[in-house]
Structures are given as structure tokens and as C-alpha cells.
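Shown here: work.cif, mmCIF, C-alpha atoms.
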```
data_start
#
loop_
_atom_site.group_PDB
_atom_site.id
_atom_site.type_symbol
_atom_site.label_atom_id
_atom_site.label_comp_id
_atom_site.auth_asym_id
_atom_site.auth_seq_id
_atom_site.Cartn_x
_atom_site.Cartn_y
_atom_site.Cartn_z
ATOM 1 C CA MET Z 1084 18.776 -58.920 -56.693
ATOM 2 C CA LYS Z 1085 16.897 -56.043 -55.179
ATOM 3 C CA GLU Z 1086 17.408 -54.100 -51.982
ATOM 4 C CA ILE Z 1087 14.924 -53.291 -49.277
ATOM 5 C CA ASN Z 1088 15.491 -49.987 -47.520
ATOM 6 C CA ILE Z 1089 14.165 -49.873 -43.950
ATOM 7 C CA ASN Z 1090 13.841 -46.475 -42.268
ATOM 8 C CA THR Z 1091 13.384 -45.826 -38.578
ATOM 9 C CA THR Z 1092 12.001 -42.620 -37.138
ATOM 10 C CA ILE Z 1093 12.696 -41.725 -33.520
ATOM 11 C CA SER Z 1094 11.661 -38.455 -31.885
ATOM 12 C CA VAL Z 1095 14.206 -37.033 -29.441
ATOM 13 C CA PHE Z 1096 13.271 -34.982 -26.366
ATOM 14 C CA ASN Z 1097 16.052 -33.136 -24.522
ATOM 15 C CA GLY Z 1098 14.829 -34.416 -21.172
ATOM 16 C CA ILE Z 1099 11.845 -35.540 -19.174
ATOM 17 C CA ASN Z 1100 10.670 -31.923 -18.741
ATOM 18 C CA ASP Z 1101 10.255 -31.595 -22.524
ATOM 19 C CA LEU Z 1102 7.758 -34.479 -22.653
ATOM 20 C CA PRO Z 1103 3.992 -33.903 -22.746
ATOM 21 C CA SER Z 1104 2.664 -33.785 -19.179
ATOM 22 C CA GLU Z 1105 0.871 -37.154 -19.499
ATOM 23 C CA ILE Z 1106 4.148 -38.797 -20.527
ATOM 24 C CA GLN Z 1107 6.101 -37.013 -17.786
ATOM 25 C CA LEU Z 1108 3.755 -38.585 -15.231
ATOM 26 C CA LEU Z 1109 4.117 -42.001 -16.855
ATOM 27 C CA MET Z 1110 7.911 -41.698 -16.919
ATOM 28 C CA ASP Z 1111 7.916 -40.560 -13.278
ATOM 29 C CA GLN Z 1112 6.078 -43.775 -12.404
ATOM 30 C CA ALA Z 1113 8.614 -45.807 -14.375
ATOM 31 C CA ILE Z 1114 11.449 -44.058 -12.512
ATOM 32 C CA GLU Z 1115 9.810 -44.768 -9.169
ATOM 33 C CA THR Z 1116 9.174 -48.434 -9.954
ATOM 34 C CA ARG Z 1117 12.755 -48.791 -11.206
ATOM 35 C CA LYS Z 1118 13.724 -48.530 -7.525
ATOM 36 C CA ASN Z 1119 11.845 -51.819 -6.934
ATOM 37 C CA ALA Z 1120 14.038 -53.742 -9.365
ATOM 38 C CA TYR Z 1121 15.623 -56.892 -8.016
ATOM 39 C CA ALA Z 1122 19.015 -56.665 -9.710
ATOM 40 C CA PRO Z 1123 21.686 -58.085 -7.374
ATOM 41 C CA TYR Z 1124 23.695 -59.595 -10.260
ATOM 42 C CA SER Z 1125 23.695 -57.002 -13.039
ATOM 43 C CA ARG Z 1126 23.161 -53.993 -10.733
ATOM 44 C CA PHE Z 1127 21.215 -52.613 -13.727
ATOM 45 C CA ARG Z 1128 17.731 -51.438 -12.760
ATOM 46 C CA VAL Z 1129 14.903 -50.934 -15.214
ATOM 47 C CA GLY Z 1130 11.420 -49.567 -14.648
ATOM 48 C CA ALA Z 1131 8.478 -49.645 -17.027
ATOM 49 C CA ALA Z 1132 5.066 -47.991 -16.890
ATOM 50 C CA ILE Z 1133 2.267 -48.849 -19.291
ATOM 51 C CA LEU Z 1134 -0.767 -46.676 -19.971
ATOM 52 C CA LEU Z 1135 -3.781 -48.692 -21.078
ATOM 53 C CA ASP Z 1136 -6.746 -47.441 -23.090
ATOM 54 C CA ASN Z 1137 -8.934 -47.852 -19.973
ATOM 55 C CA GLY Z 1138 -6.793 -45.241 -18.172
ATOM 56 C CA LYS Z 1139 -5.083 -47.761 -15.880
ATOM 57 C CA VAL Z 1140 -1.310 -47.731 -15.425
ATOM 58 C CA VAL Z 1141 0.562 -51.013 -15.013
ATOM 59 C CA LEU Z 1142 4.107 -51.034 -13.645
ATOM 60 C CA GLY Z 1143 7.037 -53.421 -13.917
ATOM 61 C CA SER Z 1144 10.651 -53.624 -12.802
ATOM 62 C CA ASN Z 1145 13.298 -56.148 -13.790
ATOM 63 C CA GLN Z 1146 13.510 -59.245 -11.601
ATOM 64 C CA GLU Z 1147 16.750 -61.210 -11.764
ATOM 65 C CA ASN Z 1148 17.532 -64.747 -10.700
ATOM 66 C CA ALA Z 1149 20.781 -66.609 -9.953
ATOM 67 C CA ALA Z 1150 19.740 -68.902 -12.815
ATOM 68 C CA TYR Z 1151 20.113 -66.003 -15.264
ATOM 69 C CA PRO Z 1152 17.595 -67.011 -17.930
ATOM 70 C CA SER Z 1153 14.894 -67.271 -15.260
ATOM 71 C CA GLY Z 1154 14.788 -63.520 -14.653
ATOM 72 C CA LEU Z 1155 12.466 -61.141 -16.461
ATOM 73 C CA CYS Z 1156 12.881 -57.636 -17.861
ATOM 74 C CA ALA Z 1157 10.772 -54.737 -16.593
ATOM 75 C CA GLU Z 1158 8.980 -54.319 -19.921
ATOM 76 C CA ARG Z 1159 7.807 -57.935 -19.996
ATOM 77 C CA VAL Z 1160 6.831 -57.875 -16.314
ATOM 78 C CA ALA Z 1161 4.558 -54.902 -17.063
ATOM 79 C CA ILE Z 1162 3.248 -56.203 -20.406
ATOM 80 C CA PHE Z 1163 2.417 -59.671 -19.093
ATOM 81 C CA GLN Z 1164 0.825 -58.203 -15.965
ATOM 82 C CA ALA Z 1165 -1.316 -55.900 -18.127
ATOM 83 C CA GLY Z 1166 -2.347 -58.878 -20.263
ATOM 84 C CA ALA Z 1167 -3.226 -60.924 -17.175
ATOM 85 C CA ILE Z 1168 -5.152 -58.251 -15.281
ATOM 86 C CA TYR Z 1169 -6.710 -56.323 -18.192
ATOM 87 C CA PRO Z 1170 -6.870 -58.846 -21.062
ATOM 88 C CA ASP Z 1171 -9.204 -56.698 -23.186
ATOM 89 C CA ALA Z 1172 -7.385 -53.396 -22.707
ATOM 90 C CA LYS Z 1173 -5.018 -52.016 -25.316
ATOM 91 C CA ILE Z 1174 -1.536 -50.772 -24.480
ATOM 92 C CA VAL Z 1175 -1.374 -47.149 -25.573
ATOM 93 C CA LYS Z 1176 1.970 -45.928 -24.238
ATOM 94 C CA LEU Z 1177 5.026 -47.521 -22.647
ATOM 95 C CA ALA Z 1178 7.643 -45.572 -20.665
ATOM 96 C CA ILE Z 1179 10.996 -47.205 -19.876
ATOM 97 C CA THR Z 1180 13.922 -45.973 -17.802
ATOM 98 C CA ALA Z 1181 17.180 -47.720 -16.916
ATOM 99 C CA ALA Z 1182 19.985 -46.969 -14.482
ATOM 100 C CA SER Z 1183 23.149 -48.750 -13.418
ATOM 101 C CA ASP Z 1184 24.357 -48.886 -9.819
ATOM 102 C CA ILE Z 1185 27.913 -48.897 -11.209
ATOM 103 C CA ASN Z 1186 28.089 -46.350 -14.050
ATOM 104 C CA PRO Z 1187 25.983 -43.334 -15.037
ATOM 105 C CA THR Z 1188 23.354 -44.250 -17.625
ATOM 106 C CA LEU Z 1189 22.909 -41.048 -19.580
ATOM 107 C CA SER Z 1190 21.900 -42.387 -23.011
ATOM 108 C CA PRO Z 1191 18.424 -43.705 -23.790
ATOM 109 C CA ILE Z 1192 18.279 -47.474 -23.216
ATOM 110 C CA PRO Z 1193 15.914 -49.258 -25.642
ATOM 111 C CA PRO Z 1194 14.120 -52.532 -24.889
ATOM 112 C CA CYS Z 1195 16.161 -55.699 -25.417
ATOM 113 C CA GLY Z 1196 15.348 -58.059 -28.280
ATOM 114 C CA ALA Z 1197 13.115 -60.346 -26.193
ATOM 115 C CA CYS Z 1198 11.130 -57.359 -24.939
ATOM 116 C CA ARG Z 1199 10.819 -55.969 -28.464
ATOM 117 C CA GLN Z 1200 9.341 -59.297 -29.561
ATOM 118 C CA SER Z 1201 6.869 -59.249 -26.637
ATOM 119 C CA ILE Z 1202 5.850 -55.668 -27.405
ATOM 120 C CA ALA Z 1203 5.391 -56.668 -31.053
ATOM 121 C CA GLU Z 1204 3.105 -59.536 -30.022
ATOM 122 C CA TYR Z 1205 0.800 -57.194 -28.122
ATOM 123 C CA GLU Z 1206 0.910 -54.521 -30.818
ATOM 124 C CA PHE Z 1207 -0.049 -57.156 -33.376
ATOM 125 C CA LYS Z 1208 -2.753 -58.596 -31.077
ATOM 126 C CA GLN Z 1209 -4.417 -55.230 -30.504
ATOM 127 C CA ASP Z 1210 -3.887 -54.022 -34.086
ATOM 128 C CA THR Z 1211 -2.857 -50.551 -32.926
ATOM 129 C CA PRO Z 1212 0.620 -49.099 -32.416
ATOM 130 C CA ILE Z 1213 2.170 -48.652 -28.986
ATOM 131 C CA GLU Z 1214 4.072 -45.416 -28.346
ATOM 132 C CA ILE Z 1215 7.376 -46.279 -26.670
ATOM 133 C CA TYR Z 1216 9.367 -43.712 -24.674
ATOM 134 C CA PHE Z 1217 12.771 -44.690 -23.293
ATOM 135 C CA MET Z 1218 15.609 -43.034 -21.440
ATOM 136 C CA GLY Z 1219 18.565 -43.734 -19.170
ATOM 137 C CA GLU Z 1220 18.515 -42.423 -15.623
ATOM 138 C CA SER Z 1221 18.506 -38.854 -16.993
ATOM 139 C CA GLY Z 1222 19.093 -36.981 -20.213
ATOM 140 C CA GLN Z 1223 17.412 -37.439 -23.559
ATOM 141 C CA VAL Z 1224 14.216 -39.374 -24.032
ATOM 142 C CA TYR Z 1225 13.567 -41.225 -27.286
ATOM 143 C CA LYS Z 1226 10.088 -41.865 -28.624
ATOM 144 C CA SER Z 1227 9.056 -44.464 -31.166
ATOM 145 C CA ASN Z 1228 5.492 -44.371 -32.495
ATOM 146 C CA SER Z 1229 5.482 -48.151 -32.908
ATOM 147 C CA ILE Z 1230 7.604 -51.187 -32.182
ATOM 148 C CA ASN Z 1231 8.062 -51.410 -35.960
ATOM 149 C CA ASN Z 1232 10.693 -48.667 -35.659
ATOM 150 C CA LEU Z 1233 12.676 -50.768 -33.180
ATOM 151 C CA LEU Z 1234 11.952 -54.200 -34.639
ATOM 152 C CA PRO Z 1235 11.487 -54.050 -38.398
ATOM 153 C CA LEU Z 1236 10.668 -57.308 -40.189
ATOM 154 C CA SER Z 1237 9.079 -58.632 -36.997
ATOM 155 C CA PHE Z 1238 8.010 -62.229 -36.468
ATOM 156 C CA ASP Z 1239 4.314 -62.730 -35.698
ATOM 157 C CA LYS Z 1240 1.564 -65.297 -36.000
ATOM 158 C CA THR Z 1241 1.248 -64.746 -39.745
ATOM 159 C CA SER Z 1242 4.667 -66.416 -40.057
ATOM 160 C CA LEU Z 1243 3.464 -69.635 -38.418
#
```
Take the structure I supplied and represent it as C-alpha cells, if you would.
Amino acid sequence: MKEININTTISVFNGINDLPSEIQLLMDQAIETRKNAYAPYSRFRVGAAILLDNGKVVLGSNQENAAYPSGLCAERVAIFQAGAIYPDAKIVKLAITAASDINPTLSPIPPCGACRQSIAEYEFKQDTPIEIYFMGESGQVYKSNSINNLLPLSFDKTSL
């Protein structure tokens, strides 16, 4: 038997004001679009803003449904919209923010497993890493240089 050691590196910023100005603007857009979330069931609102290599920004907010599996997370709304509107553009940076209508959300909230898999698909497709910044409604912001930090041993087309 042998062991595989997997390391994850996350950069931690004390708050949105400590981010580079380009990322502050991207996170501000994610915060603003978070207000457009349709979350009557979970009361948990998520906003995502994607910066593409063509300079365009694509936004997404979570959209719930009474048939729970039919809803879609903010990250996938933004990623799939970017893929549909700008199919040849690469995703460079992704900013995510989450807030609850019920309890303060002060810790960084990472993408869920399904969103991590979708981010991995696009990172694999474009063959370049996607910087991922995520936070709660306030407080620290975490940065991952690639989805590989959040989803090691990922599943992609080479497994098929």
C-alpha cells in the first residue's frame, strides 16, 4: 500500500477591501446580483460574477424551484450563461458571495459539489486555471488559483 498526499492552498484576504481592485469590482457585481436570487425556500442567496478573457462579465444568482432538484446554483447559472453567450471565451476569474436571510453568513462559502464539477469541466475545456474568490455576506475572502484546490482527483472526459 502507498499513500497519496493531497495539499490544498487557499489565499485568505481579511475582507473585500484587501482584494485587488479588479477583484473588488467583480465581487461587488456578485454582491449586487446576489440580490436577484430567487430563494423562497432556502432563503439562502448566492451571487456569482465571472470575468472572461474578452473582458466581459457574466452574472448569475441562484434560482430555486418547488421541485428542489430543478433549481440551479448561482455559479452554474453564470458558467452556463458564459458558455452559451461566449462559447470561445475563457473564464479567468469567478467571484462568489452568499448570504442567508435567516442567519449571518460571515465565513467564506465555497461552491457546492455540483458547481465544483461544472467549474472543473470548463477549466478542463479551456486548459487554463480559473481563479475562484468566495466569501459570505462579509468578512474574509478565500482565493483558490484553480478548482483543483477545491476538487482534487476530479472527474473529466479522460475518465470516460
Distance criterion (only C-alpha atoms): nearest to Gly1219 of chain Z out of Z:Asn1145, Z:Ser1153, Z:Thr1116, Z:Ser1183: Z:Ser1183
Check what the PyMOL selection byres ((chain Z and resi 1102) around 12) selects in the file above and give those residues as a ChimeraX atom specification. /Z:1094-1101,1103-1111,1178,1216-1218,1222-1226
Atom CA of Gln1164 of chain Z to atom CA of Ile1192 of chain Z measures 21.7 Å
From the set Z:Ala1120, Z:Ala1172, Z:Glu1214, Z:Cys1156, which residue has the shortest atom-to-atom contact distance to Val1140 of chain Z, counting only C-alpha atoms? Z:Ala1172
Skipping near chain neighbours, those fewer than 3 positions away, what residues fall within 10 Å of Ile1202 of chain Z using only C-alpha atoms, listed as a count of residues only? 22
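For the choices Z:Thr1211, Z:Asp1136, Z:Tyr1124, Z:Asn1232, the atom-to-atom distance to Ala1150 of chain Z is smallest for Z:Tyr1124 when using all atoms listed in the file.
Excluding Pro1235 of chain Z itself and same-chain residues fewer than 2 positions from it, the residues having an atom within 10 Å of it are Ile1089, Asn1090, Thr1091, Ala1203, Ile1230, Asn1231, Asn1232, Leu1233, Ser1237 and Phe1238 of chain Z, counting all atoms listed in the file.
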Centre and edges of the segment 1135-1141 of chain Z box, axis-aligned, 6 Å extra per side, as JSON:
```
{"center_x": -4.2, "center_y": -48.1, "center_z": -19.1, "size_x": 21.5, "size_y": 17.8, "size_z": 20.1}
```
What do you get, as JSON, numbers by chain, if you spell out every residue that the PyMOL selection byres ((chain Z and resi 1123) around 12) selects here? {"Z": [1119, 1120, 1121, 1122, 1124, 1125, 1126, 1127, 1128, 1145, 1146, 1147, 1148, 1149, 1151, 1154, 1183, 1184, 1185]}
Dump as a short mmCIF file (atom, residue, chain, number, x, y, z; two decimals), in the coordinates of the input, selection limited to C-alpha atoms:
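Output saved as again_25.cif:
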```
data_model
loop_
_atom_site.label_atom_id
_atom_site.label_comp_id
_atom_site.auth_asym_id
_atom_site.auth_seq_id
_atom_site.Cartn_x
_atom_site.Cartn_y
_atom_site.Cartn_z
CA ASN Z 1119 11.84 -51.82 -6.93
CA ALA Z 1120 14.04 -53.74 -9.36
CA TYR Z 1121 15.62 -56.89 -8.02
CA ALA Z 1122 19.02 -56.66 -9.71
CA TYR Z 1124 23.70 -59.60 -10.26
CA SER Z 1125 23.70 -57.00 -13.04
CA ARG Z 1126 23.16 -53.99 -10.73
CA PHE Z 1127 21.22 -52.61 -13.73
CA ARG Z 1128 17.73 -51.44 -12.76
CA ASN Z 1145 13.30 -56.15 -13.79
CA GLN Z 1146 13.51 -59.24 -11.60
CA GLU Z 1147 16.75 -61.21 -11.76
CA ASN Z 1148 17.53 -64.75 -10.70
CA ALA Z 1149 20.78 -66.61 -9.95
CA TYR Z 1151 20.11 -66.00 -15.26
CA GLY Z 1154 14.79 -63.52 -14.65
CA SER Z 1183 23.15 -48.75 -13.42
CA ASP Z 1184 24.36 -48.89 -9.82
CA ILE Z 1185 27.91 -48.90 -11.21
#
```
Which residues, named as in the file, does the PyMOL selection byres ((chain Z and resi 1141) around 10) pick out? Answer as an MDAnalysis selection string. chainID Z and resid 1109 1112:1113 1131:1135 1138:1140 1142:1143 1160:1166 1168:1169 1174 1177
Straight-line distance linking atom CA of Ala1157 of chain Z with atom CA of Gly1130 of chain Z, stated in Å to one decimal: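 Result for atom CA of Ala1157 of chain Z versus atom CA of Gly1130 of chain Z: 5.6 Å, one decimal.
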Atomic separation - atom CA of Ser1201 of chain Z relative to atom CA of Leu1243 of chain Z, Å: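 Interatomic distance, atom CA of Leu1243 of chain Z to atom CA of Ser1201 of chain Z: 16.1 Å.
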Pick the closest to Pro1187 of chain Z from Z:Glu1220, Z:Glu1204, Z:Asp1210, Z:Asp1239: which is it, counting all atoms listed in the file?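 Result for the nearest residue to Pro1187 of chain Z: Z:Glu1220.
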Using the atoms already present, construct N, CA, C and O atoms for segment 1157-1168 of chain Z and hand them back as a PDB file, in the coordinates of the input.
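As a result, part-v5.pdb now contains:
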```pdb
ATOM      1  N   ALA Z1157      11.855 -55.596 -17.065  1.00  0.00           N
ATOM      2  CA  ALA Z1157      10.772 -54.737 -16.593  1.00  0.00           C
ATOM      3  C   ALA Z1157       9.633 -54.619 -17.606  1.00  0.00           C
ATOM      4  O   ALA Z1157       8.453 -54.654 -17.245  1.00  0.00           O
ATOM      5  N   GLU Z1158      10.001 -54.490 -18.889  1.00  0.00           N
ATOM      6  CA  GLU Z1158       8.980 -54.319 -19.921  1.00  0.00           C
ATOM      7  C   GLU Z1158       8.058 -55.528 -19.983  1.00  0.00           C
ATOM      8  O   GLU Z1158       6.829 -55.390 -20.065  1.00  0.00           O
ATOM      9  N   ARG Z1159       8.633 -56.726 -19.928  1.00  0.00           N
ATOM     10  CA  ARG Z1159       7.807 -57.935 -19.996  1.00  0.00           C
ATOM     11  C   ARG Z1159       7.022 -58.157 -18.712  1.00  0.00           C
ATOM     12  O   ARG Z1159       5.894 -58.640 -18.763  1.00  0.00           O
ATOM     13  N   VAL Z1160       7.591 -57.793 -17.565  1.00  0.00           N
ATOM     14  CA  VAL Z1160       6.831 -57.875 -16.314  1.00  0.00           C
ATOM     15  C   VAL Z1160       5.559 -57.036 -16.450  1.00  0.00           C
ATOM     16  O   VAL Z1160       4.455 -57.485 -16.152  1.00  0.00           O
ATOM     17  N   ALA Z1161       5.707 -55.803 -16.931  1.00  0.00           N
ATOM     18  CA  ALA Z1161       4.558 -54.902 -17.063  1.00  0.00           C
ATOM     19  C   ALA Z1161       3.587 -55.373 -18.147  1.00  0.00           C
ATOM     20  O   ALA Z1161       2.369 -55.381 -17.941  1.00  0.00           O
ATOM     21  N   ILE Z1162       4.111 -55.775 -19.296  1.00  0.00           N
ATOM     22  CA  ILE Z1162       3.248 -56.203 -20.406  1.00  0.00           C
ATOM     23  C   ILE Z1162       2.442 -57.446 -20.023  1.00  0.00           C
ATOM     24  O   ILE Z1162       1.230 -57.508 -20.235  1.00  0.00           O
ATOM     25  N   PHE Z1163       3.112 -58.429 -19.445  1.00  0.00           N
ATOM     26  CA  PHE Z1163       2.417 -59.671 -19.093  1.00  0.00           C
ATOM     27  C   PHE Z1163       1.423 -59.431 -17.959  1.00  0.00           C
ATOM     28  O   PHE Z1163       0.352 -60.035 -17.926  1.00  0.00           O
ATOM     29  N   GLN Z1164       1.765 -58.539 -17.032  1.00  0.00           N
ATOM     30  CA  GLN Z1164       0.825 -58.203 -15.965  1.00  0.00           C
ATOM     31  C   GLN Z1164      -0.410 -57.507 -16.550  1.00  0.00           C
ATOM     32  O   GLN Z1164      -1.538 -57.808 -16.162  1.00  0.00           O
ATOM     33  N   ALA Z1165      -0.191 -56.585 -17.481  1.00  0.00           N
ATOM     34  CA  ALA Z1165      -1.316 -55.900 -18.127  1.00  0.00           C
ATOM     35  C   ALA Z1165      -2.203 -56.913 -18.847  1.00  0.00           C
ATOM     36  O   ALA Z1165      -3.437 -56.850 -18.751  1.00  0.00           O
ATOM     37  N   GLY Z1166      -1.585 -57.855 -19.557  1.00  0.00           N
ATOM     38  CA  GLY Z1166      -2.347 -58.878 -20.263  1.00  0.00           C
ATOM     39  C   GLY Z1166      -3.123 -59.784 -19.321  1.00  0.00           C
ATOM     40  O   GLY Z1166      -4.214 -60.241 -19.650  1.00  0.00           O
ATOM     41  N   ALA Z1167      -2.567 -60.046 -18.140  1.00  0.00           N
ATOM     42  CA  ALA Z1167      -3.226 -60.924 -17.175  1.00  0.00           C
ATOM     43  C   ALA Z1167      -4.362 -60.225 -16.438  1.00  0.00           C
ATOM     44  O   ALA Z1167      -5.423 -60.811 -16.213  1.00  0.00           O
ATOM     45  N   ILE Z1168      -4.157 -58.967 -16.084  1.00  0.00           N
ATOM     46  CA  ILE Z1168      -5.152 -58.251 -15.281  1.00  0.00           C
ATOM     47  C   ILE Z1168      -6.210 -57.577 -16.153  1.00  0.00           C
ATOM     48  O   ILE Z1168      -7.390 -57.542 -15.797  1.00  0.00           O
TER      49      ILE Z1168
END
```
